[in-house]
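> To be precise about what I am sending: the file is called upload-v8.csv and holds CSV, C-alpha atoms.
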```
chain,number,residue,atom,x,y,z
Q,132,MET,CA,256.3,85.6,227.2
Q,133,PHE,CA,255.8,87.9,230.1
Q,134,ASN,CA,254.7,91.5,229.6
Q,135,PRO,CA,258.1,93.3,229.1
Q,136,ARG,CA,256.7,96.4,230.9
Q,137,ASP,CA,256.0,94.4,234.1
Q,138,ILE,CA,259.5,92.9,234.1
Q,139,ILE,CA,261.2,96.2,233.4
Q,140,GLU,CA,259.3,98.1,236.1
Q,141,VAL,CA,260.2,95.5,238.7
Q,142,LEU,CA,263.9,95.5,237.8
Q,143,ALA,CA,264.0,99.3,237.6
Q,144,ALA,CA,262.3,99.7,241.0
Q,145,ASN,CA,264.7,97.2,242.5
Q,146,VAL,CA,267.7,99.0,241.2
Q,147,ARG,CA,266.4,102.4,242.4
Q,148,GLN,CA,265.7,101.0,245.9
Q,149,THR,CA,268.5,98.5,246.4
Q,150,LYS,CA,271.1,99.0,243.7
Q,151,SER,CA,270.4,95.4,242.7
Q,152,PRO,CA,268.0,94.3,239.9
Q,153,PHE,CA,266.9,91.4,242.1
Q,154,GLY,CA,266.5,93.4,245.3
Q,155,ILE,CA,268.8,91.2,247.3
Q,156,PRO,CA,270.8,93.2,249.8
Q,157,LYS,CA,274.5,93.4,248.9
Q,158,TYR,CA,275.6,91.8,252.2
Q,159,MET,CA,273.7,88.6,251.2
Q,160,VAL,CA,275.0,88.6,247.6
Q,161,ASN,CA,278.7,89.5,247.9
Q,162,THR,CA,280.4,87.2,250.4
Q,163,TRP,CA,283.0,85.4,248.4
Q,164,PHE,CA,286.0,87.5,249.6
Q,165,LYS,CA,285.3,87.1,253.3
Q,166,ASP,CA,287.7,84.2,254.0
Q,167,LEU,CA,290.4,85.6,251.7
Q,168,ARG,CA,292.9,88.2,252.7
Q,169,LEU,CA,292.7,90.4,249.7
Q,170,PRO,CA,294.6,93.7,249.7
Q,171,LYS,CA,292.4,96.8,249.5
Q,172,GLU,CA,294.8,98.8,247.4
Q,173,GLY,CA,296.7,98.0,244.2
Q,174,GLU,CA,297.4,99.2,240.7
Q,175,TYR,CA,294.1,97.8,239.6
Q,176,LEU,CA,290.8,97.5,241.4
Q,177,LEU,CA,289.0,94.1,240.9
Q,178,PHE,CA,285.4,95.1,240.1
Q,179,THR,CA,283.1,92.0,239.8
Q,180,GLY,CA,279.9,94.0,239.1
Q,181,LEU,CA,278.2,91.3,241.1
Q,182,MET,CA,277.1,89.4,238.0
Q,183,TYR,CA,278.8,86.0,239.0
Q,184,GLN,CA,277.3,86.5,242.5
Q,185,PHE,CA,273.8,87.0,241.0
Q,186,SER,CA,273.8,83.8,239.0
Q,187,PRO,CA,272.4,81.3,241.6
Q,188,PHE,CA,269.6,83.8,242.4
Q,189,ILE,CA,268.9,84.2,238.7
Q,190,GLU,CA,268.6,80.4,238.4
Q,191,THR,CA,266.1,80.3,241.3
Q,192,ALA,CA,264.0,83.1,239.8
Q,193,THR,CA,264.0,81.5,236.4
Q,194,GLN,CA,262.6,78.3,237.8
Q,195,TYR,CA,259.6,80.2,239.1
Q,196,LEU,CA,259.2,82.3,235.9
Q,197,GLU,CA,259.2,79.1,233.8
Q,198,LYS,CA,256.3,77.8,235.8
Q,199,TYR,CA,254.1,80.9,235.3
Q,200,GLU,CA,255.0,82.0,231.7
Q,201,ASP,CA,251.9,82.3,229.5
Q,202,THR,CA,249.6,81.5,232.4
Q,203,GLU,CA,246.9,83.7,234.0
Q,204,THR,CA,249.2,84.1,237.0
Q,205,ALA,CA,251.7,85.9,234.9
Q,206,GLY,CA,249.3,88.9,234.8
Q,207,TYR,CA,249.9,89.5,238.6
Q,208,LEU,CA,253.5,90.4,237.9
Q,209,LYS,CA,252.5,93.9,237.3
Q,210,TYR,CA,251.8,94.3,241.0
Q,211,ALA,CA,255.3,93.2,241.9
Q,212,LYS,CA,256.7,96.7,241.5
Q,213,TRP,CA,254.7,97.7,244.6
Q,214,VAL,CA,256.5,95.2,246.7
Q,215,PRO,CA,259.6,96.8,248.4
Q,216,GLY,CA,262.7,95.5,246.6
Q,217,TYR,CA,264.4,94.2,249.8
Q,218,ILE,CA,261.4,92.1,250.7
Q,219,SER,CA,261.2,90.2,247.4
Q,220,GLY,CA,265.1,90.2,247.3
Q,221,ILE,CA,265.4,88.6,250.7
Q,222,GLY,CA,262.7,86.1,249.8
Q,223,LEU,CA,264.7,85.2,246.6
Q,224,ALA,CA,267.9,84.9,248.6
Q,225,MET,CA,266.2,82.5,251.1
Q,226,MET,CA,264.9,80.3,248.4
Q,227,THR,CA,268.3,79.9,246.8
Q,228,LYS,CA,270.4,76.9,247.8
Q,229,ARG,CA,273.6,77.6,249.8
Q,230,LYS,CA,275.5,75.1,247.7
Q,231,GLU,CA,274.8,77.1,244.5
Q,232,LYS,CA,275.9,80.4,246.2
Q,233,ARG,CA,279.1,78.7,247.3
Q,234,LYS,CA,279.8,77.4,243.8
Q,235,ALA,CA,279.4,80.9,242.3
Q,236,GLY,CA,281.7,82.3,245.0
Q,237,GLN,CA,284.3,79.7,244.1
Q,238,LEU,CA,284.6,81.0,240.6
Q,239,LEU,CA,285.5,84.5,242.0
Q,240,LYS,CA,288.0,82.9,244.3
Q,241,ASN,CA,289.5,81.1,241.3
Q,242,ILE,CA,289.8,84.5,239.5
Q,243,ALA,CA,291.5,86.1,242.5
Q,244,TYR,CA,293.9,83.1,242.6
Q,245,LEU,CA,294.7,83.4,238.9
Q,246,LEU,CA,295.5,87.1,239.2
Q,247,HIS,CA,297.6,86.6,242.3
Q,248,LYS,CA,299.5,83.8,240.6
Q,249,SER,CA,300.1,86.0,237.6
Q,250,LYS,CA,301.6,88.6,240.0
Q,251,VAL,CA,299.0,91.2,239.1
Q,252,ASN,CA,299.0,94.1,241.5
Q,253,PHE,CA,295.3,94.4,242.4
Q,254,GLY,CA,293.1,95.3,245.3
Q,255,TYR,CA,289.5,94.6,246.2
Q,256,ARG,CA,287.1,97.0,247.8
Q,257,PRO,CA,283.6,95.5,248.4
Q,258,ASP,CA,282.3,99.0,249.2
Q,259,LEU,CA,283.1,100.0,245.6
Q,260,ASP,CA,282.0,96.8,243.9
Q,261,ASN,CA,278.5,97.5,242.7
Q,262,TYR,CA,276.1,96.3,240.0
Q,263,SER,CA,276.8,98.3,236.7
Q,264,GLY,CA,273.1,98.7,235.7
Q,265,ILE,CA,273.6,96.9,232.4
Q,266,LEU,CA,270.2,95.1,232.5
Q,267,LEU,CA,268.4,98.4,232.5
Q,268,TYR,CA,270.4,99.5,229.5
Q,269,ASP,CA,269.6,96.3,227.6
Q,270,MET,CA,265.9,96.6,228.5
Q,271,GLY,CA,265.7,100.1,227.2
Q,272,ASP,CA,265.4,102.0,230.5
Q,273,GLN,CA,268.0,104.5,229.5
Q,274,LYS,CA,267.1,107.0,232.2
Q,275,GLY,CA,267.3,104.4,234.9
Q,276,PHE,CA,270.6,103.1,233.6
Q,277,VAL,CA,272.2,106.5,233.4
Q,278,ALA,CA,271.1,107.5,236.9
Q,279,HIS,CA,272.5,104.3,238.4
Q,280,ALA,CA,275.7,104.3,236.3
Q,281,LYS,CA,276.5,107.9,237.4
Q,282,LYS,CA,276.4,106.9,241.0
Q,283,VAL,CA,278.6,103.8,240.5
Q,284,ALA,CA,281.1,105.7,238.4
Q,285,GLN,CA,281.3,108.7,240.7
Q,286,LYS,CA,281.9,106.5,243.7
Q,287,LEU,CA,284.9,104.9,241.9
Q,288,LYS,CA,286.2,108.3,240.7
Q,289,ASN,CA,285.9,109.7,244.2
Q,290,ALA,CA,288.0,106.8,245.5
Q,291,GLY,CA,290.7,107.7,243.0
Q,292,ILE,CA,290.2,104.5,240.9
Q,293,LYS,CA,291.8,104.7,237.4
Q,294,LYS,CA,292.5,101.0,236.4
Q,295,ILE,CA,289.8,98.3,236.7
Q,296,ILE,CA,289.8,94.6,236.2
Q,297,THR,CA,286.4,93.2,235.2
Q,298,ILE,CA,285.4,89.5,235.0
Q,299,ASP,CA,282.2,89.3,233.1
Q,300,PRO,CA,281.4,90.6,229.6
Q,301,HIS,CA,278.3,92.7,230.5
Q,302,THR,CA,280.1,94.6,233.3
Q,303,ALA,CA,283.2,95.0,231.1
Q,304,TYR,CA,281.1,96.5,228.2
Q,305,ALA,CA,279.3,98.8,230.6
Q,306,LEU,CA,282.4,100.2,232.2
Q,307,LYS,CA,284.5,100.3,229.0
Q,308,GLU,CA,282.0,101.6,226.5
Q,309,LEU,CA,278.9,102.9,228.2
Q,310,PHE,CA,280.2,104.7,231.3
Q,311,PRO,CA,282.4,107.1,229.3
Q,312,LYS,CA,279.6,107.8,226.9
Q,313,TYR,CA,276.8,108.3,229.5
Q,314,THR,CA,278.5,109.3,232.7
Q,315,GLY,CA,281.5,111.2,231.3
Q,316,ILE,CA,283.8,109.1,233.6
Q,317,SER,CA,286.4,106.8,232.0
Q,318,PHE,CA,288.5,104.0,233.4
Q,319,ASP,CA,291.2,101.8,232.0
Q,320,VAL,CA,289.2,98.6,231.9
Q,321,LYS,CA,290.7,95.1,231.3
Q,322,PRO,CA,289.1,91.7,231.5
Q,323,TYR,CA,291.0,89.5,234.1
Q,324,PHE,CA,292.1,87.0,231.4
Q,325,GLU,CA,294.0,89.7,229.6
Q,326,LEU,CA,296.3,90.1,232.6
Q,327,LEU,CA,297.1,86.5,233.2
Q,328,ASN,CA,300.7,85.5,232.8
Q,329,PHE,CA,301.8,81.9,233.3
Q,330,GLU,CA,304.7,79.8,232.3
Q,331,PRO,CA,303.8,77.9,229.1
Q,332,LYS,CA,302.5,74.4,229.7
Q,333,ASP,CA,301.3,71.4,227.7
Q,334,CYS,CA,298.1,70.2,229.2
Q,335,GLY,CA,297.2,68.3,226.0
Q,336,LEU,CA,293.5,69.2,226.2
Q,337,GLU,CA,291.0,70.2,223.7
Q,338,VAL,CA,287.9,72.3,224.5
Q,339,THR,CA,285.0,74.1,222.7
Q,340,LEU,CA,284.8,77.7,223.7
Q,341,HIS,CA,281.5,79.5,223.8
Q,342,ASP,CA,282.3,83.1,223.2
Q,343,PRO,CA,279.8,85.4,225.0
Q,344,CYS,CA,278.4,88.1,222.6
Q,345,PHE,CA,279.8,91.0,224.6
Q,346,PHE,CA,283.4,89.6,224.8
Q,347,GLY,CA,283.4,88.0,221.4
Q,348,ARG,CA,281.7,90.6,219.3
Q,349,TYR,CA,281.4,93.9,221.1
Q,350,LEU,CA,284.7,93.9,222.9
Q,351,LYS,CA,286.6,91.6,220.4
Q,352,ALA,CA,288.3,89.8,223.3
Q,353,SER,CA,288.0,86.2,222.1
Q,354,ASP,CA,291.5,86.0,220.7
Q,355,ILE,CA,292.9,86.8,224.2
Q,356,THR,CA,291.2,83.8,225.7
Q,357,ARG,CA,292.5,81.5,222.9
Q,358,LYS,CA,296.0,82.8,223.4
Q,359,GLN,CA,295.8,82.1,227.1
Q,360,LEU,CA,294.5,78.6,226.5
Q,361,ALA,CA,297.2,78.0,223.8
Q,362,ASN,CA,299.8,79.0,226.3
Q,363,MET,CA,298.7,76.2,228.5
Q,364,GLY,CA,298.6,73.7,225.7
Q,365,ILE,CA,294.8,73.7,225.5
Q,366,SER,CA,293.5,73.8,221.9
Q,367,VAL,CA,290.1,75.1,221.0
Q,368,THR,CA,287.9,73.4,218.5
Q,369,ASN,CA,286.5,75.2,215.5
Q,370,ILE,CA,282.8,75.7,215.3
Q,371,ARG,CA,280.7,77.7,212.9
Q,372,ASN,CA,279.6,80.5,215.1
Q,373,GLN,CA,282.6,81.7,217.2
Q,374,GLY,CA,284.7,84.8,218.0
Q,375,GLU,CA,283.1,87.9,216.5
Q,376,PHE,CA,280.4,85.7,214.9
Q,377,THR,CA,279.5,83.9,218.0
Q,378,SER,CA,275.8,83.0,218.6
Q,379,CYS,CA,273.7,83.9,221.6
Q,380,CYS,CA,273.0,81.1,224.1
Q,381,GLY,CA,269.6,82.7,225.0
Q,382,GLY,CA,270.6,83.4,228.6
Q,383,PRO,CA,269.5,87.1,228.7
Q,384,ALA,CA,265.9,86.1,227.7
Q,385,GLU,CA,265.4,84.2,231.0
Q,386,SER,CA,263.4,87.0,232.6
Q,387,ILE,CA,261.2,88.0,229.6
Q,388,SER,CA,260.6,84.5,228.2
Q,389,PRO,CA,262.1,81.4,229.6
Q,390,SER,CA,260.7,79.4,226.7
Q,391,LEU,CA,262.4,81.6,224.2
Q,392,SER,CA,265.6,81.2,226.2
Q,393,ASN,CA,265.3,77.4,226.1
Q,394,GLU,CA,264.6,77.4,222.4
Q,395,ILE,CA,267.8,79.4,221.6
Q,396,LEU,CA,269.8,77.3,224.2
Q,397,GLU,CA,268.8,74.1,222.5
Q,398,LYS,CA,270.2,75.2,219.1
Q,399,ARG,CA,273.4,76.6,220.6
Q,400,VAL,CA,274.1,73.6,222.8
Q,401,LYS,CA,273.7,71.4,219.7
Q,402,GLU,CA,276.4,73.4,217.9
Q,403,LEU,CA,278.7,73.5,220.9
Q,404,GLY,CA,278.3,69.8,221.4
Q,405,GLU,CA,279.2,68.7,217.9
Q,406,PRO,CA,283.0,68.5,218.4
Q,407,GLY,CA,282.4,66.3,221.5
Q,408,LYS,CA,284.7,68.3,223.7
Q,409,PRO,CA,284.1,70.0,227.1
Q,410,ILE,CA,282.5,73.4,226.7
Q,411,ILE,CA,284.1,76.4,228.3
Q,412,ALA,CA,282.0,79.6,229.0
Q,413,TYR,CA,283.3,82.9,230.3
Q,414,CYS,CA,280.2,84.7,231.2
Q,415,PRO,CA,278.0,83.9,234.3
Q,416,ILE,CA,274.8,84.3,232.3
Q,417,CYS,CA,276.0,81.9,229.6
Q,418,LEU,CA,277.4,79.5,232.2
Q,419,GLY,CA,274.2,79.3,234.1
Q,420,ASN,CA,272.1,78.9,231.0
Q,421,LEU,CA,274.3,76.3,229.4
Q,422,LYS,CA,274.3,74.2,232.6
Q,423,LYS,CA,270.6,73.9,232.4
Q,424,SER,CA,271.0,71.8,229.3
Q,425,ASN,CA,273.2,69.3,231.3
Q,426,ALA,CA,276.0,69.9,228.8
Q,427,ASP,CA,279.6,69.3,230.0
Q,428,VAL,CA,280.3,72.9,230.7
Q,429,GLU,CA,282.5,74.9,233.1
Q,430,ASP,CA,283.8,78.4,233.5
Q,431,LEU,CA,287.1,79.5,232.0
Q,432,SER,CA,288.4,80.4,235.5
Q,433,THR,CA,287.8,76.8,236.7
Q,434,LEU,CA,289.7,75.3,233.8
Q,435,LEU,CA,292.6,77.8,234.2
Q,436,ALA,CA,292.8,77.5,238.0
Q,437,ARG,CA,293.0,73.7,237.7
Q,438,HIS,CA,296.0,73.9,235.3
Q,439,ALA,CA,297.8,77.1,236.2
W,610,MET,CA,243.5,101.2,209.5
W,611,ASN,CA,246.9,102.6,210.6
W,612,SER,CA,247.9,106.1,209.9
W,613,VAL,CA,251.4,107.2,208.8
W,614,ASN,CA,253.4,109.7,210.9
W,615,LEU,CA,255.9,111.4,208.6
W,616,ASP,CA,257.7,112.9,211.6
W,617,PHE,CA,258.3,109.6,213.3
W,618,ALA,CA,262.0,109.2,212.4
W,619,GLU,CA,262.5,112.7,213.7
W,620,GLU,CA,260.7,111.8,217.0
W,621,LEU,CA,263.0,108.8,217.4
W,622,LYS,CA,266.2,110.9,217.3
W,623,GLU,CA,265.7,111.5,221.0
W,624,TYR,CA,266.1,107.8,221.6
W,625,SER,CA,268.9,106.6,219.3
W,626,ASP,CA,271.2,107.6,216.4
W,627,ASP,CA,269.3,108.3,213.2
W,628,THR,CA,270.5,105.3,211.0
W,629,ALA,CA,267.2,103.7,209.9
W,630,PHE,CA,267.3,105.4,206.5
W,631,GLU,CA,270.7,103.8,205.8
W,632,CYS,CA,268.9,100.5,205.6
W,633,PHE,CA,267.9,99.3,202.1
W,634,ASN,CA,266.0,96.4,203.4
W,635,CYS,CA,268.3,93.6,202.1
W,636,GLY,CA,267.2,91.3,204.9
W,637,THR,CA,270.6,90.2,206.1
W,638,CYS,CA,269.7,91.1,209.7
W,639,ALA,CA,266.5,89.1,209.5
W,640,ALA,CA,268.3,86.1,208.1
W,641,ILE,CA,271.0,86.1,210.7
W,642,CYS,CA,269.0,86.9,213.8
W,643,PRO,CA,269.2,83.8,216.1
W,644,LEU,CA,266.4,85.1,218.4
W,645,VAL,CA,263.4,86.4,216.5
W,646,HIS,CA,261.9,85.1,213.3
W,647,ASP,CA,259.3,86.7,211.0
W,648,ASN,CA,261.4,89.4,209.3
W,649,PHE,CA,262.9,90.9,212.5
W,650,PRO,CA,264.5,93.4,212.8
W,651,ARG,CA,264.0,94.4,209.1
W,652,ARG,CA,260.2,94.8,209.5
W,653,MET,CA,260.7,97.2,212.4
W,654,ILE,CA,263.2,99.3,210.5
W,655,ARG,CA,260.8,99.4,207.5
W,656,TYR,CA,258.0,100.7,209.9
W,657,ILE,CA,260.3,103.5,210.9
W,658,GLN,CA,261.1,104.4,207.3
W,659,VAL,CA,257.4,104.6,206.4
W,660,GLY,CA,256.4,106.3,209.6
W,661,ALA,CA,254.2,103.4,210.9
W,662,LYS,CA,254.5,104.4,214.5
W,663,GLU,CA,251.3,102.7,215.5
W,664,LYS,CA,252.5,99.4,214.0
W,665,ILE,CA,255.5,99.5,216.2
W,666,LEU,CA,253.5,100.3,219.3
W,667,GLU,CA,251.1,97.4,218.4
W,668,ASN,CA,253.9,94.9,218.0
W,669,SER,CA,256.1,96.4,220.7
W,670,ASP,CA,256.4,93.2,222.9
W,671,GLU,CA,258.4,91.7,220.0
W,672,LEU,CA,261.2,94.2,220.6
W,673,TRP,CA,262.1,92.5,223.9
W,674,ARG,CA,262.7,89.2,222.2
W,675,CYS,CA,265.9,90.9,220.9
W,676,LEU,CA,268.7,90.3,223.4
W,677,HIS,CA,271.1,92.9,221.9
W,678,CYS,CA,273.4,90.1,220.8
W,679,GLY,CA,274.7,92.4,218.0
W,680,LEU,CA,274.9,89.9,215.2
W,681,CYS,CA,272.7,92.0,212.9
W,682,THR,CA,274.8,95.1,213.5
W,683,HIS,CA,278.0,93.1,212.9
W,684,THR,CA,276.8,91.9,209.5
W,685,CYS,CA,274.8,94.8,208.2
W,686,PRO,CA,276.2,95.8,204.8
W,687,ARG,CA,274.9,99.3,205.1
W,688,GLU,CA,276.2,99.9,208.6
W,689,ALA,CA,272.6,100.9,209.6
W,690,ASP,CA,273.2,99.4,213.1
W,691,PRO,CA,269.9,97.4,213.4
W,692,GLY,CA,270.8,96.4,217.0
W,693,GLU,CA,271.0,100.0,218.1
W,694,ILE,CA,267.8,100.9,216.2
W,695,ILE,CA,265.9,98.2,218.1
W,696,LEU,CA,267.4,99.4,221.4
W,697,GLY,CA,266.2,102.9,220.5
W,698,LEU,CA,262.7,101.6,219.8
W,699,LYS,CA,262.7,99.9,223.2
W,700,ARG,CA,263.5,103.3,224.8
W,701,PHE,CA,260.8,104.9,222.7
W,702,VAL,CA,258.2,102.4,223.6
W,703,LEU,CA,259.1,102.3,227.3
W,704,ALA,CA,258.9,106.2,227.4
W,705,ASN,CA,255.4,105.9,225.7
W,706,TRP,CA,254.2,103.3,228.3
W,707,ARG,CA,255.4,105.5,231.1
W,708,LYS,CA,253.6,108.5,229.7
W,709,SER,CA,250.4,106.6,229.3
```
Taking this structure as input, can you express it in the form of C-alpha cells?

Amino acid sequence: MFNPRDIIEVLAANVRQTKSPFGIPKYMVNTWFKDLRLPKEGEYLLFTGLMYQFSPFIETATQYLEKYEDTETAGYLKYAKWVPGYISGIGLAMMTKRKEKRKAGQLLKNIAYLLHKSKVNFGYRPDLDNYSGILLYDMGDQKGFVAHAKKVAQKLKNAGIKKIITIDPHTAYALKELFPKYTGISFDVKPYFELLNFEPKDCGLEVTLHDPCFFGRYLKASDITRKQLANMGISVTNIRNQGEFTSCCGGPAESISPSLSNEILEKRVKELGEPGKPIIAYCPICLGNLKKSNADVEDLSTLLARHA
Amino acid sequence: MNSVNLDFAEELKEYSDDTAFECFNCGTCAAICPLVHDNFPRRMIRYIQVGAKEKILENSDELWRCLHCGLCTHTCPREADPGEIILGLKRFVLANWRKS
C-alpha cells in the first residue's frame, strides 16, 4: 500500500494546477468528438466528466504503481507533488498507447450514437466538459473537492445549462447529489441509458451485468439498465451481489493499493463468471479493472450500439 | 498507553454528520465489507465512541482501504451510516496531516 497522504497530495495538486487528477492537459485527453459533428446546443448538455477519457491513462499509471507498491522506491512518491502537474501529465500521456486512447474514445462515440438514434435533443460543449473532482471527495480532500466543484458548476450555470446527461456513475453522483449540497447549484441530471428509446427487439442474448456501486446502490439506477436490455431481448443472469447489493470490483483502489485492487477483483470476477455469460460493465473504472482479469467483458454502450 | 479524548466526537462534527453514537456495534458492517477485514469499519466507529483519537491516527492508513462502496451504509440496521463516518474520518485525518 502506498502512503495515502502522498497519493492525495499529488492528485490534489494536479487538480488545482490542471483541473485533472492526472495532470494531463485537456486537449490531450478529450479528443473523441473531433471527427463528429455534434451540435453545441440542445435540451440536454452531454457532460462526460472525462472519466471514460481518463481510463487508458489510469491503466498506464497503475502498471507503474504495481511495480513500486511496498518497495523502497514508493517512498519517493512524496516528492511527486513538487513536480508541476502538466509535466507529469504530459509524460503519462506520452506513455499511454494510442490504440487504448482510441478505444476509450469509441465508447463515447457509441454513446453519442445511441442518444442520436433515440432522438434525444442534446448538445456537446467541450469547453464546459470538465472533471467533476469526485476522486478528491472520495479521498477525503473535502476543501479541494468543493473548491473545484464550485468552479465546474458555476461555469455550467453561467452557460445557462439546466439539464445534463452523464455517462459514468462517479460523475453522475457528483453532479446529482454532491454539487447541490456543496456548491448550491443544481441540475437535472440523467444517465444516458435512461434516455434511450429504441424499438423492441429480440436479440436472444444473455449477459451478466456488473452494477457499479454508484449506479447500483447510491443512485439506484440498475433497474433502468435491465429494462433497456430487456427491451432489446437481452436477458440478465442472476448473481448473488447485484443491483443495490452489488459488490465493488476494486477499481478505485488502484492508486492507493494495486494489490488490494487485484485481491478484490479476483473475488468479483469469480462471481461474475459463474453464470458463464459475457460480462457487461457500465463504469469506466470497473471496465478497465475487469479487463485486467482477461474476463469476457465489454461496456454497456458497446453492446447497445451493436444491437440498436 | 493511549489516552481518551472525551471531546473527540464533538471535534469530528466539523468533518461529518454525528451518527457514530447510533451504532450499537452489531458488526454487520464488518461482516459485509468486501474491502477491509479485521473488524472494519466497526472498530473505527468504536474508537470514536470511546474517544480513542490517537488509535485512529495510528491506524489511519487503513481508512483509505475503504473505497466508499456504500455496502455497510446500505445494510446498517441502525442507519448509523458507517460509510459516511469513514469518509468523515478521512477528512479529519487529512486535516491533521496538513496541520502537522
> My list of candidates is W:Glu623, W:Cys632, W:Asn705, W:Gly692. Which is closest to Leu680 in chain W when distances are computed with all atoms listed in the file?
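So, comparing all the options, the nearest one is W:Gly692.
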> Quick one: of Q:Tyr323, Q:Phe185, Q:Phe346, Q:Tyr207, who's nearest to Cys379 in chain Q, counting only C-alpha atoms?
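Looking only at the distances to Cys379 in chain Q, the closest residue turns out to be Q:Phe346.
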> Could you list, as a ChimeraX atom specification, the residues of chain Q having an atom within 8 Å of chain W when counting only C-alpha atoms?
/Q:134-136,269-273,344-345,348-349,376,378-379,381,383-384,387-388,391,395
> CA of Gln148 in chain Q and CA of Gly254 in chain Q, how far apart in Å?
28.0 Å
> Quick one, how far is CA of Gln658 in chain W from CA of Cys681 in chain W?
17.9 Å
